[in-house]
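Chemist: Below: one structure in structure tokens.
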Amino acid sequence: MSGGFLTGVILPGLNCDVALPCATQNEIKLDGAKNLAAGGCWCVAEGANMPTTNEAVDFLKTKVDIYIPAKAANAGGVATSALEMAQNSARLFWTSEEVDEKLKGIMNNIFATAYKTAQEFDRPWDLQFGANAAGFLKVYKAYKAMGYLKF
């Protein structure tokens, strides 16, 4: 398949290198994940919020070379919106090159943080775990610094 749009089901016999579920929550279920793996898919990058069921994610993590969870793959759009709001509130004007450079730094930091955290917990390349754990640790450290936690 040279490219195309599918919705609702991942058909057996579908051959692809990269899958980009970008439509709805729970778009890829376990049977669809199995069909992707059988069809040679080596990368799944989520473009929607939770487009892959937990069962399918667990399967894909063992079968594809690269699984990029939504919170990492979608971060570019969220970060760009935040940059736009910062720029507007400060009444600044950034060129598209400046925005791209700032975004590149943000995305590199997101990847590095998720990757490093996954490594620290002996979960190499589990970017979903790394992103979740890094987010939790950030909140935990903030609460502790503010004195809300006594342990």
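Residue numbering restarts at 1 for every chain of the structure tokens, chains are lettered A, B, ... in their displayed order, and ligands are numbered from 1 as they appear.
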Show which residues sit within 10 Å of Gln128 of chain A, as a ChimeraX atom specification. Count only C-alpha atoms, and ignore same-chain residues fewer than 6 positions away.
Modeler: /A:57,61,67-72,114-115,118,134
Chemist: What parts of segment 11-107 of chain A does DSSP call alpha helix (DSSP H)? I'd like the answer as an MDAnalysis selection string.
Modeler: chainID A and resid 30:38 54:63 70:73 75:89 96:107
Chemist: Please measure the separation of atom CA of Leu20 of chain A and atom CA of Trp42 of chain A, giving the value in Å to one decimal.
Modeler: 11.5 Å
Chemist: Find the distance between atom CA of Val18 of chain A and atom CA of Leu36 of chain A and write it in Å to one decimal.
Modeler: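 Atom CA of Leu36 of chain A lies 9.0 Å from atom CA of Val18 of chain A.
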Chemist: Please extract the residues of chain A with a backbone DSSP assignment of strand (DSSP E) and present them as a ChimeraX atom specification.
Modeler: /A:18-19,43-45,66-68
Chemist: Go ahead and write the residues just picked, all heavy atoms, as a PDB file, in the first residue's frame.
Modeler:
ATOM      1  N   VAL A  18       4.737   2.156   8.622  1.00  0.00           N
ATOM      2  CA  VAL A  18       4.414   3.092   9.699  1.00  0.00           C
ATOM      3  C   VAL A  18       2.903   3.246   9.799  1.00  0.00           C
ATOM      4  O   VAL A  18       2.228   3.406   8.786  1.00  0.00           O
ATOM      5  CB  VAL A  18       5.061   4.476   9.424  1.00  0.00           C
ATOM      6  CG1 VAL A  18       4.681   5.481  10.491  1.00  0.00           C
ATOM      7  CG2 VAL A  18       6.576   4.348   9.319  1.00  0.00           C
ATOM      8  N   ALA A  19       2.391   3.210  11.019  1.00  0.00           N
ATOM      9  CA  ALA A  19       0.971   3.457  11.262  1.00  0.00           C
ATOM     10  C   ALA A  19       0.846   4.725  12.100  1.00  0.00           C
ATOM     11  O   ALA A  19       1.575   4.909  13.075  1.00  0.00           O
ATOM     12  CB  ALA A  19       0.329   2.285  11.993  1.00  0.00           C
ATOM     13  N   CYS A  43       6.721   0.840  13.029  1.00  0.00           N
ATOM     14  CA  CYS A  43       6.587   2.061  13.816  1.00  0.00           C
ATOM     15  C   CYS A  43       5.118   2.457  13.939  1.00  0.00           C
ATOM     16  O   CYS A  43       4.415   2.514  12.935  1.00  0.00           O
ATOM     17  CB  CYS A  43       7.372   3.205  13.163  1.00  0.00           C
ATOM     18  SG  CYS A  43       7.172   4.806  13.980  1.00  0.00           S
ATOM     19  N   VAL A  44       4.711   2.732  15.173  1.00  0.00           N
ATOM     20  CA  VAL A  44       3.376   3.282  15.425  1.00  0.00           C
ATOM     21  C   VAL A  44       3.582   4.580  16.201  1.00  0.00           C
ATOM     22  O   VAL A  44       4.195   4.590  17.265  1.00  0.00           O
ATOM     23  CB  VAL A  44       2.487   2.318  16.238  1.00  0.00           C
ATOM     24  CG1 VAL A  44       1.152   2.965  16.576  1.00  0.00           C
ATOM     25  CG2 VAL A  44       2.276   1.013  15.478  1.00  0.00           C
ATOM     26  N   ALA A  45       3.097   5.672  15.630  1.00  0.00           N
ATOM     27  CA  ALA A  45       3.176   6.986  16.276  1.00  0.00           C
ATOM     28  C   ALA A  45       1.758   7.524  16.405  1.00  0.00           C
ATOM     29  O   ALA A  45       1.090   7.777  15.408  1.00  0.00           O
ATOM     30  CB  ALA A  45       4.046   7.942  15.468  1.00  0.00           C
ATOM     31  N   ILE A  66       9.476   0.797  17.043  1.00  0.00           N
ATOM     32  CA  ILE A  66       9.261   2.106  17.656  1.00  0.00           C
ATOM     33  C   ILE A  66       7.771   2.300  17.919  1.00  0.00           C
ATOM     34  O   ILE A  66       6.948   2.196  17.003  1.00  0.00           O
ATOM     35  CB  ILE A  66       9.765   3.245  16.744  1.00  0.00           C
ATOM     36  CG1 ILE A  66      11.257   3.086  16.462  1.00  0.00           C
ATOM     37  CG2 ILE A  66       9.489   4.610  17.379  1.00  0.00           C
ATOM     38  CD1 ILE A  66      11.785   4.038  15.405  1.00  0.00           C
ATOM     39  N   TYR A  67       7.440   2.569  19.165  1.00  0.00           N
ATOM     40  CA  TYR A  67       6.076   2.939  19.545  1.00  0.00           C
ATOM     41  C   TYR A  67       6.165   4.310  20.207  1.00  0.00           C
ATOM     42  O   TYR A  67       6.847   4.483  21.218  1.00  0.00           O
ATOM     43  CB  TYR A  67       5.461   1.919  20.508  1.00  0.00           C
ATOM     44  CG  TYR A  67       4.208   2.448  21.163  1.00  0.00           C
ATOM     45  CD1 TYR A  67       3.020   2.540  20.446  1.00  0.00           C
ATOM     46  CD2 TYR A  67       4.225   2.893  22.470  1.00  0.00           C
ATOM     47  CE1 TYR A  67       1.882   3.064  21.021  1.00  0.00           C
ATOM     48  CE2 TYR A  67       3.085   3.420  23.058  1.00  0.00           C
ATOM     49  CZ  TYR A  67       1.926   3.498  22.332  1.00  0.00           C
ATOM     50  OH  TYR A  67       0.808   4.024  22.909  1.00  0.00           O
ATOM     51  N   ILE A  68       5.513   5.303  19.618  1.00  0.00           N
ATOM     52  CA  ILE A  68       5.552   6.664  20.147  1.00  0.00           C
ATOM     53  C   ILE A  68       4.166   6.998  20.681  1.00  0.00           C
ATOM     54  O   ILE A  68       3.217   7.139  19.914  1.00  0.00           O
ATOM     55  CB  ILE A  68       5.978   7.679  19.073  1.00  0.00           C
ATOM     56  CG1 ILE A  68       7.314   7.259  18.448  1.00  0.00           C
ATOM     57  CG2 ILE A  68       6.075   9.081  19.675  1.00  0.00           C
ATOM     58  CD1 ILE A  68       7.712   8.080  17.246  1.00  0.00           C
TER      59      ILE A  68
END
Chemist: Grab the atom CA of Ala56 of chain A to atom CA of Pro124 of chain A distance for me, in Å with one decimal place.
Modeler: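 Between atom CA of Ala56 of chain A and atom CA of Pro124 of chain A the gap is 19.0 Å.
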Chemist: Determine, counting only C-alpha atoms, which protein, DNA and RNA residues have an atom within 9 Å of an atom of segment 100-111 of chain A; residues of the same chain fewer than 2 positions away are not included. Present the result as a PyMOL selection string.
Modeler: chain A and resi 72+75-76+79-80+83+95-98+113-116+127+131
Chemist: Dump C-alpha atoms for the selected residues as a PDB file, in the first residue's frame?
Modeler:
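And here's out16.pdb as it stands now:
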ATOM      1  CA  ALA A  72       5.008  12.477  23.058  1.00  0.00           C
ATOM      2  CA  ALA A  75       3.463  17.317  22.107  1.00  0.00           C
ATOM      3  CA  GLY A  76       4.518  19.402  19.109  1.00  0.00           C
ATOM      4  CA  ALA A  79       3.956  23.114  22.542  1.00  0.00           C
ATOM      5  CA  THR A  80       3.374  25.275  19.476  1.00  0.00           C
ATOM      6  CA  LEU A  83       4.594  29.225  22.277  1.00  0.00           C
ATOM      7  CA  THR A  95       9.792  34.390  12.942  1.00  0.00           C
ATOM      8  CA  SER A  96       8.813  30.900  11.874  1.00  0.00           C
ATOM      9  CA  GLU A  97      12.493  29.979  12.184  1.00  0.00           C
ATOM     10  CA  GLU A  98      12.525  31.130  15.827  1.00  0.00           C
ATOM     11  CA  THR A 113      13.390  13.101  29.408  1.00  0.00           C
ATOM     12  CA  ALA A 114      11.116  10.173  28.490  1.00  0.00           C
ATOM     13  CA  TYR A 115      14.064   8.103  27.249  1.00  0.00           C
ATOM     14  CA  LYS A 116      16.258   8.862  30.291  1.00  0.00           C
ATOM     15  CA  LEU A 127       8.720   5.870  25.969  1.00  0.00           C
ATOM     16  CA  ALA A 131       6.802   9.931  29.742  1.00  0.00           C
TER      17      ALA A 131
END
